[in-house]
Amino acid sequence: MEDMLQGALSQLDVAAKYTDVHPEVLEKLRYPKEVLTTRLMIRMDNGSRRSFVAWRCRYDDTRGPTKGGIRYHPDASLDEVVTLAFWMTFKCAVVGLPYGGGKGAIKVDPRELSKSELERLSRAYVHAFAKMIGPDKDIPAPDVYTNAMIMGWMADEYSSLMGYPCPGVITGKPIALGGSLGREDATARGGFYVLKQLEKQLQLNGERRAVIQGFGNAGHAIGRMLHEDGWKIIGISDSCGALHCPSGLDPDAVHKVKLKTGKVADYGSEHSDVQVIDNAKLLALECELLVPAALENQIHQGNVDSINAGVILELANGPITSEADQVLNSKGIVVVPDILANAGGVTVSYFEWVQNRQGYYWTADEVQQRLKPIMEKESMRVWNIAHSKNIPMRTAAYVHALQCLSSAIEAHGTQSYFCA
Ligand code: GLU
């Protein structure tokens, strides 16, 4: 597997060819501003002690405090955290949020911990990184295998360290602790708005078959939205297996089984018209829309030739390697890139932070009414750059973000140590 950050930087290099940003800007964006690695030692329920490696990266804060989730995953690595923080930097710039990019992780399989062990681990993370995070410095949020409950514990821990309530230190919190309505399904909703806005350009007005890879929060929510919009969801997968049903699946019914047994494949054993297949077969299904909503590097050199989709909407971060990306481009498969397609999540995180700072809370309708125009405007902007320069949408999204970052870096001044 290619080195992740190198793969991400190659996207930057490609985009740089289509803008006249100063080489010093590119040089600055090649390295993270601040990275901290530590080990968290916690007491397990049986009285023993166990340690877990943890990271936080503040990649770039030229445009504002760094922003990005914390993931809990047994395969987490420093390279992955830094790459994800790099992507957050560009994602926030694409949708014009006043943030830089950050990311964190703990190398752990949270399913192996009890609820109280998970709480101790989450609080230990905040203790270890308390000097690095803060409402004006670095604002974490949920990511893979973390959720509102965990964000609530973390906000509580930070507030108790400061001695007063600090809801703005973290987003994706429970509503009772200052979370925003509409945050839960915001990643999917943002992606759905992008798709609706570009329906004509992407020629999605004929047959509409969709395949969803990954059935966590984002995968389930986009499934529901597409289903309600008349799409036929012919394939759904999770990390344990996949379902295929040519006449279409009901995402809510599949989700019910997933909640009960932990596996989408168990839905297949209850329904004779549904076939249980593996992940490789799922990715190869013929469809108009493929939505990777799981982890990075799912579509790579080894399987890219089997992809049979018209459009790919990247709800996950980095689901396509840079080599596979080139193959898809050469085949004319349109990829709506992660830094645009999944930016709805961080956009509503921004709304949550704004509400926390104002102490004034919006209705779910107000949240959606503010999210929609941002996603629509930036989709069109990226599409128009792609069209006018005859480049893929990913390159266009990077061109747009790079221009925003470049003007902010220059505005800090040539003598700036902050931006050095
Ligand atoms: N983890 C999400 C992402 O990758 C959300 C980050 C945030 O809300 O800060 O975009």
# chains A, B, ... in the order shown; residues from 1 in each chain; ligands from 1
>>> select_by_dssp(residues="region 103-239 of chain A", states="strand (DSSP E or B)", output="PDB file with N, CA, C and O atoms, in the first residue's frame")
ATOM      1  N   LYS A 103      -6.817  16.147  13.223  1.00  0.00           N
ATOM      2  CA  LYS A 103      -7.391  14.803  13.382  1.00  0.00           C
ATOM      3  C   LYS A 103      -6.720  14.116  14.558  1.00  0.00           C
ATOM      4  O   LYS A 103      -5.590  14.444  14.919  1.00  0.00           O
ATOM      5  N   GLY A 104      -7.425  13.157  15.137  1.00  0.00           N
ATOM      6  CA  GLY A 104      -6.839  12.381  16.228  1.00  0.00           C
ATOM      7  C   GLY A 104      -7.280  10.942  16.139  1.00  0.00           C
ATOM      8  O   GLY A 104      -8.211  10.608  15.408  1.00  0.00           O
ATOM      9  N   ALA A 105      -6.598  10.080  16.899  1.00  0.00           N
ATOM     10  CA  ALA A 105      -6.995   8.673  16.909  1.00  0.00           C
ATOM     11  C   ALA A 105      -6.456   7.978  18.143  1.00  0.00           C
ATOM     12  O   ALA A 105      -5.466   8.410  18.746  1.00  0.00           O
ATOM     13  N   ILE A 106      -7.120   6.898  18.501  1.00  0.00           N
ATOM     14  CA  ILE A 106      -6.587   5.949  19.483  1.00  0.00           C
ATOM     15  C   ILE A 106      -6.567   4.594  18.793  1.00  0.00           C
ATOM     16  O   ILE A 106      -7.535   4.214  18.117  1.00  0.00           O
ATOM     17  N   GLY A 134      -8.869  23.007  22.328  1.00  0.00           N
ATOM     18  CA  GLY A 134      -9.496  24.188  22.930  1.00  0.00           C
ATOM     19  C   GLY A 134     -10.417  24.842  21.914  1.00  0.00           C
ATOM     20  O   GLY A 134     -10.179  24.715  20.705  1.00  0.00           O
ATOM     21  N   ASP A 138      -8.147  23.985  18.740  1.00  0.00           N
ATOM     22  CA  ASP A 138      -8.332  22.715  18.027  1.00  0.00           C
ATOM     23  C   ASP A 138      -9.601  22.063  18.565  1.00  0.00           C
ATOM     24  O   ASP A 138      -9.716  21.857  19.786  1.00  0.00           O
ATOM     25  N   ILE A 139     -10.519  21.763  17.663  1.00  0.00           N
ATOM     26  CA  ILE A 139     -11.865  21.336  18.075  1.00  0.00           C
ATOM     27  C   ILE A 139     -12.170  19.946  17.529  1.00  0.00           C
ATOM     28  O   ILE A 139     -12.504  19.799  16.347  1.00  0.00           O
ATOM     29  N   PRO A 142     -16.655  13.624  16.302  1.00  0.00           N
ATOM     30  CA  PRO A 142     -16.674  12.176  16.068  1.00  0.00           C
ATOM     31  C   PRO A 142     -16.052  11.795  14.733  1.00  0.00           C
ATOM     32  O   PRO A 142     -15.989  12.605  13.808  1.00  0.00           O
ATOM     33  N   ARG A 209     -29.705   3.137  -9.774  1.00  0.00           N
ATOM     34  CA  ARG A 209     -29.354   2.044  -8.851  1.00  0.00           C
ATOM     35  C   ARG A 209     -28.134   2.480  -8.041  1.00  0.00           C
ATOM     36  O   ARG A 209     -27.141   2.929  -8.616  1.00  0.00           O
ATOM     37  N   ALA A 210     -28.227   2.324  -6.727  1.00  0.00           N
ATOM     38  CA  ALA A 210     -27.118   2.745  -5.860  1.00  0.00           C
ATOM     39  C   ALA A 210     -26.581   1.581  -5.044  1.00  0.00           C
ATOM     40  O   ALA A 210     -27.330   0.679  -4.664  1.00  0.00           O
ATOM     41  N   VAL A 211     -25.274   1.618  -4.807  1.00  0.00           N
ATOM     42  CA  VAL A 211     -24.611   0.625  -3.961  1.00  0.00           C
ATOM     43  C   VAL A 211     -23.905   1.385  -2.835  1.00  0.00           C
ATOM     44  O   VAL A 211     -23.215   2.381  -3.098  1.00  0.00           O
ATOM     45  N   ILE A 212     -24.100   0.920  -1.602  1.00  0.00           N
ATOM     46  CA  ILE A 212     -23.492   1.608  -0.456  1.00  0.00           C
ATOM     47  C   ILE A 212     -22.505   0.680   0.235  1.00  0.00           C
ATOM     48  O   ILE A 212     -22.874  -0.401   0.698  1.00  0.00           O
ATOM     49  N   GLN A 213     -21.250   1.111   0.278  1.00  0.00           N
ATOM     50  CA  GLN A 213     -20.232   0.302   0.959  1.00  0.00           C
ATOM     51  C   GLN A 213     -19.975   0.911   2.333  1.00  0.00           C
ATOM     52  O   GLN A 213     -19.496   2.045   2.445  1.00  0.00           O
ATOM     53  N   LYS A 232     -33.007   2.965  -6.166  1.00  0.00           N
ATOM     54  CA  LYS A 232     -33.061   1.564  -5.807  1.00  0.00           C
ATOM     55  C   LYS A 232     -31.715   1.214  -5.174  1.00  0.00           C
ATOM     56  O   LYS A 232     -30.680   1.312  -5.842  1.00  0.00           O
ATOM     57  N   ILE A 233     -31.735   0.826  -3.900  1.00  0.00           N
ATOM     58  CA  ILE A 233     -30.473   0.498  -3.219  1.00  0.00           C
ATOM     59  C   ILE A 233     -30.226  -0.996  -3.454  1.00  0.00           C
ATOM     60  O   ILE A 233     -30.782  -1.838  -2.744  1.00  0.00           O
ATOM     61  N   ILE A 234     -29.414  -1.311  -4.450  1.00  0.00           N
ATOM     62  CA  ILE A 234     -29.271  -2.733  -4.834  1.00  0.00           C
ATOM     63  C   ILE A 234     -28.167  -3.448  -4.057  1.00  0.00           C
ATOM     64  O   ILE A 234     -28.083  -4.672  -4.100  1.00  0.00           O
ATOM     65  N   GLY A 235     -27.334  -2.707  -3.335  1.00  0.00           N
ATOM     66  CA  GLY A 235     -26.277  -3.359  -2.561  1.00  0.00           C
ATOM     67  C   GLY A 235     -25.919  -2.566  -1.313  1.00  0.00           C
ATOM     68  O   GLY A 235     -25.899  -1.332  -1.347  1.00  0.00           O
ATOM     69  N   ILE A 236     -25.697  -3.279  -0.217  1.00  0.00           N
ATOM     70  CA  ILE A 236     -25.270  -2.655   1.050  1.00  0.00           C
ATOM     71  C   ILE A 236     -24.247  -3.584   1.683  1.00  0.00           C
ATOM     72  O   ILE A 236     -24.428  -4.804   1.671  1.00  0.00           O
ATOM     73  N   SER A 237     -23.179  -2.998   2.250  1.00  0.00           N
ATOM     74  CA  SER A 237     -22.207  -3.865   2.930  1.00  0.00           C
ATOM     75  C   SER A 237     -21.774  -3.275   4.268  1.00  0.00           C
ATOM     76  O   SER A 237     -21.971  -2.086   4.530  1.00  0.00           O
ATOM     77  N   ASP A 238     -21.212  -4.119   5.114  1.00  0.00           N
ATOM     78  CA  ASP A 238     -20.454  -3.646   6.271  1.00  0.00           C
ATOM     79  C   ASP A 238     -19.152  -4.446   6.304  1.00  0.00           C
ATOM     80  O   ASP A 238     -18.861  -5.198   5.356  1.00  0.00           O
TER      81      ASP A 238
END
>>> residues_near_ligand(ligand="ligand 1", cutoff="9 Å", atoms="only C-alpha atoms and all ligand atoms", output="PyMOL selection string")
chain A and resi 66-71+84-85+87-88+91-92+101-103+139-144+170-172+183+187+316-317+338-339+342-350
>>> residues_around(residues="Tyr72 (chain A)", least_positions_apart="2", cutoff="12 Å", atoms="only C-alpha atoms", output="JSON, numbers by chain")
{"A": [52, 53, 54, 55, 69, 70, 74, 75, 76, 77, 81, 103, 104, 105, 106, 107, 108, 109, 110, 111, 112, 113, 118, 121, 122, 125, 141, 142, 143, 144, 145, 146, 147, 150]}
>>> closest_residue(among="A:Ser269, A:Arg58, A:Asp79, A:Asn356", to="Pro165 (chain A)", atoms="only C-alpha atoms")
A:Asn356
>>> atom_distance(atom1="CA of Gln415 (chain A)", atom2="CA of Glu27 (chain A)")
16.2 Å
>>> residues_around(residues="region 166-169 of chain A", least_positions_apart="6", cutoff="12 Å", atoms="only C-alpha atoms", output="ChimeraX atom specification")
/A:65-69,126,129-141,151-160,175-180,349-359
>>> decode(residues="region 231-247 of chain A", atoms="all heavy atoms", output="PDB file, in the first residue's frame")
ATOM      1  N   TRP A 231     -34.351   6.192  -5.322  1.00  0.00           N
ATOM      2  CA  TRP A 231     -33.253   5.341  -5.782  1.00  0.00           C
ATOM      3  C   TRP A 231     -33.509   3.892  -5.359  1.00  0.00           C
ATOM      4  O   TRP A 231     -34.120   3.641  -4.313  1.00  0.00           O
ATOM      5  CB  TRP A 231     -31.932   5.785  -5.146  1.00  0.00           C
ATOM      6  CG  TRP A 231     -31.335   6.991  -5.787  1.00  0.00           C
ATOM      7  CD1 TRP A 231     -31.701   8.282  -5.573  1.00  0.00           C
ATOM      8  CD2 TRP A 231     -30.272   7.021  -6.732  1.00  0.00           C
ATOM      9  NE1 TRP A 231     -30.926   9.127  -6.326  1.00  0.00           N
ATOM     10  CE2 TRP A 231     -30.024   8.374  -7.056  1.00  0.00           C
ATOM     11  CE3 TRP A 231     -29.481   6.037  -7.354  1.00  0.00           C
ATOM     12  CZ2 TRP A 231     -29.057   8.776  -7.953  1.00  0.00           C
ATOM     13  CZ3 TRP A 231     -28.510   6.441  -8.244  1.00  0.00           C
ATOM     14  CH2 TRP A 231     -28.304   7.777  -8.549  1.00  0.00           C
ATOM     15  N   LYS A 232     -33.007   2.965  -6.166  1.00  0.00           N
ATOM     16  CA  LYS A 232     -33.061   1.564  -5.807  1.00  0.00           C
ATOM     17  C   LYS A 232     -31.715   1.214  -5.174  1.00  0.00           C
ATOM     18  O   LYS A 232     -30.680   1.312  -5.842  1.00  0.00           O
ATOM     19  CB  LYS A 232     -33.262   0.744  -7.095  1.00  0.00           C
ATOM     20  CG  LYS A 232     -34.178  -0.441  -6.914  1.00  0.00           C
ATOM     21  CD  LYS A 232     -34.211  -1.267  -8.160  1.00  0.00           C
ATOM     22  CE  LYS A 232     -35.311  -0.848  -9.126  1.00  0.00           C
ATOM     23  NZ  LYS A 232     -35.233  -1.606 -10.389  1.00  0.00           N
ATOM     24  N   ILE A 233     -31.735   0.826  -3.900  1.00  0.00           N
ATOM     25  CA  ILE A 233     -30.473   0.498  -3.219  1.00  0.00           C
ATOM     26  C   ILE A 233     -30.226  -0.996  -3.454  1.00  0.00           C
ATOM     27  O   ILE A 233     -30.782  -1.838  -2.744  1.00  0.00           O
ATOM     28  CB  ILE A 233     -30.556   0.796  -1.698  1.00  0.00           C
ATOM     29  CG1 ILE A 233     -31.203   2.166  -1.423  1.00  0.00           C
ATOM     30  CG2 ILE A 233     -29.172   0.686  -1.057  1.00  0.00           C
ATOM     31  CD1 ILE A 233     -30.437   3.360  -1.892  1.00  0.00           C
ATOM     32  N   ILE A 234     -29.414  -1.311  -4.450  1.00  0.00           N
ATOM     33  CA  ILE A 234     -29.271  -2.733  -4.834  1.00  0.00           C
ATOM     34  C   ILE A 234     -28.167  -3.448  -4.057  1.00  0.00           C
ATOM     35  O   ILE A 234     -28.083  -4.672  -4.100  1.00  0.00           O
ATOM     36  CB  ILE A 234     -29.046  -2.897  -6.363  1.00  0.00           C
ATOM     37  CG1 ILE A 234     -27.747  -2.195  -6.796  1.00  0.00           C
ATOM     38  CG2 ILE A 234     -30.239  -2.378  -7.149  1.00  0.00           C
ATOM     39  CD1 ILE A 234     -27.232  -2.714  -8.132  1.00  0.00           C
ATOM     40  N   GLY A 235     -27.334  -2.707  -3.335  1.00  0.00           N
ATOM     41  CA  GLY A 235     -26.277  -3.359  -2.561  1.00  0.00           C
ATOM     42  C   GLY A 235     -25.919  -2.566  -1.313  1.00  0.00           C
ATOM     43  O   GLY A 235     -25.899  -1.332  -1.347  1.00  0.00           O
ATOM     44  N   ILE A 236     -25.697  -3.279  -0.217  1.00  0.00           N
ATOM     45  CA  ILE A 236     -25.270  -2.655   1.050  1.00  0.00           C
ATOM     46  C   ILE A 236     -24.247  -3.584   1.683  1.00  0.00           C
ATOM     47  O   ILE A 236     -24.428  -4.804   1.671  1.00  0.00           O
ATOM     48  CB  ILE A 236     -26.464  -2.483   2.025  1.00  0.00           C
ATOM     49  CG1 ILE A 236     -27.462  -1.440   1.504  1.00  0.00           C
ATOM     50  CG2 ILE A 236     -25.982  -2.115   3.428  1.00  0.00           C
ATOM     51  CD1 ILE A 236     -28.686  -1.221   2.397  1.00  0.00           C
ATOM     52  N   SER A 237     -23.179  -2.998   2.250  1.00  0.00           N
ATOM     53  CA  SER A 237     -22.207  -3.865   2.930  1.00  0.00           C
ATOM     54  C   SER A 237     -21.774  -3.275   4.268  1.00  0.00           C
ATOM     55  O   SER A 237     -21.971  -2.086   4.530  1.00  0.00           O
ATOM     56  CB  SER A 237     -20.959  -4.049   2.058  1.00  0.00           C
ATOM     57  OG  SER A 237     -20.178  -2.877   2.102  1.00  0.00           O
ATOM     58  N   ASP A 238     -21.212  -4.119   5.114  1.00  0.00           N
ATOM     59  CA  ASP A 238     -20.454  -3.646   6.271  1.00  0.00           C
ATOM     60  C   ASP A 238     -19.152  -4.446   6.304  1.00  0.00           C
ATOM     61  O   ASP A 238     -18.861  -5.198   5.356  1.00  0.00           O
ATOM     62  CB  ASP A 238     -21.268  -3.728   7.578  1.00  0.00           C
ATOM     63  CG  ASP A 238     -21.645  -5.150   7.938  1.00  0.00           C
ATOM     64  OD1 ASP A 238     -21.064  -6.087   7.376  1.00  0.00           O
ATOM     65  OD2 ASP A 238     -22.526  -5.317   8.799  1.00  0.00           O
ATOM     66  N   SER A 239     -18.380  -4.320   7.393  1.00  0.00           N
ATOM     67  CA  SER A 239     -17.060  -4.963   7.384  1.00  0.00           C
ATOM     68  C   SER A 239     -17.161  -6.490   7.411  1.00  0.00           C
ATOM     69  O   SER A 239     -16.184  -7.178   7.158  1.00  0.00           O
ATOM     70  CB  SER A 239     -16.228  -4.453   8.556  1.00  0.00           C
ATOM     71  OG  SER A 239     -16.913  -4.707   9.757  1.00  0.00           O
ATOM     72  N   CYS A 240     -18.352  -7.026   7.708  1.00  0.00           N
ATOM     73  CA  CYS A 240     -18.498  -8.495   7.789  1.00  0.00           C
ATOM     74  C   CYS A 240     -19.089  -9.126   6.541  1.00  0.00           C
ATOM     75  O   CYS A 240     -19.065 -10.357   6.411  1.00  0.00           O
ATOM     76  CB  CYS A 240     -19.376  -8.874   8.974  1.00  0.00           C
ATOM     77  SG  CYS A 240     -18.837  -8.184  10.522  1.00  0.00           S
ATOM     78  N   GLY A 241     -19.658  -8.359   5.621  1.00  0.00           N
ATOM     79  CA  GLY A 241     -20.264  -8.969   4.436  1.00  0.00           C
ATOM     80  C   GLY A 241     -21.175  -7.997   3.719  1.00  0.00           C
ATOM     81  O   GLY A 241     -21.261  -6.823   4.095  1.00  0.00           O
ATOM     82  N   ALA A 242     -21.842  -8.505   2.662  1.00  0.00           N
ATOM     83  CA  ALA A 242     -22.638  -7.600   1.834  1.00  0.00           C
ATOM     84  C   ALA A 242     -23.923  -8.261   1.357  1.00  0.00           C
ATOM     85  O   ALA A 242     -24.045  -9.484   1.330  1.00  0.00           O
ATOM     86  CB  ALA A 242     -21.800  -7.149   0.641  1.00  0.00           C
ATOM     87  N   LEU A 243     -24.873  -7.392   0.953  1.00  0.00           N
ATOM     88  CA  LEU A 243     -26.158  -7.846   0.437  1.00  0.00           C
ATOM     89  C   LEU A 243     -26.331  -7.355  -0.983  1.00  0.00           C
ATOM     90  O   LEU A 243     -25.933  -6.234  -1.312  1.00  0.00           O
ATOM     91  CB  LEU A 243     -27.298  -7.243   1.268  1.00  0.00           C
ATOM     92  CG  LEU A 243     -27.310  -7.508   2.769  1.00  0.00           C
ATOM     93  CD1 LEU A 243     -28.348  -6.607   3.448  1.00  0.00           C
ATOM     94  CD2 LEU A 243     -27.618  -8.981   3.034  1.00  0.00           C
ATOM     95  N   HIS A 244     -26.979  -8.199  -1.819  1.00  0.00           N
ATOM     96  CA  HIS A 244     -27.327  -7.773  -3.167  1.00  0.00           C
ATOM     97  C   HIS A 244     -28.787  -8.104  -3.407  1.00  0.00           C
ATOM     98  O   HIS A 244     -29.226  -9.231  -3.165  1.00  0.00           O
ATOM     99  CB  HIS A 244     -26.439  -8.500  -4.190  1.00  0.00           C
ATOM    100  CG  HIS A 244     -26.787  -8.171  -5.603  1.00  0.00           C
ATOM    101  ND1 HIS A 244     -26.710  -9.088  -6.629  1.00  0.00           N
ATOM    102  CD2 HIS A 244     -27.231  -7.015  -6.164  1.00  0.00           C
ATOM    103  CE1 HIS A 244     -27.080  -8.510  -7.761  1.00  0.00           C
ATOM    104  NE2 HIS A 244     -27.396  -7.262  -7.510  1.00  0.00           N
ATOM    105  N   CYS A 245     -29.535  -7.097  -3.883  1.00  0.00           N
ATOM    106  CA  CYS A 245     -30.949  -7.323  -4.180  1.00  0.00           C
ATOM    107  C   CYS A 245     -31.326  -6.447  -5.369  1.00  0.00           C
ATOM    108  O   CYS A 245     -31.502  -5.228  -5.214  1.00  0.00           O
ATOM    109  CB  CYS A 245     -31.798  -6.976  -2.965  1.00  0.00           C
ATOM    110  SG  CYS A 245     -33.548  -7.171  -3.277  1.00  0.00           S
ATOM    111  N   PRO A 246     -31.438  -7.030  -6.579  1.00  0.00           N
ATOM    112  CA  PRO A 246     -31.696  -6.231  -7.779  1.00  0.00           C
ATOM    113  C   PRO A 246     -32.980  -5.407  -7.708  1.00  0.00           C
ATOM    114  O   PRO A 246     -33.070  -4.353  -8.331  1.00  0.00           O
ATOM    115  CB  PRO A 246     -31.799  -7.294  -8.887  1.00  0.00           C
ATOM    116  CG  PRO A 246     -31.089  -8.489  -8.354  1.00  0.00           C
ATOM    117  CD  PRO A 246     -31.272  -8.465  -6.873  1.00  0.00           C
ATOM    118  N   SER A 247     -33.963  -5.861  -6.924  1.00  0.00           N
ATOM    119  CA  SER A 247     -35.214  -5.086  -6.864  1.00  0.00           C
ATOM    120  C   SER A 247     -35.153  -3.979  -5.797  1.00  0.00           C
ATOM    121  O   SER A 247     -36.088  -3.198  -5.671  1.00  0.00           O
ATOM    122  CB  SER A 247     -36.397  -6.015  -6.585  1.00  0.00           C
ATOM    123  OG  SER A 247     -36.173  -6.684  -5.368  1.00  0.00           O
TER     124      SER A 247
END
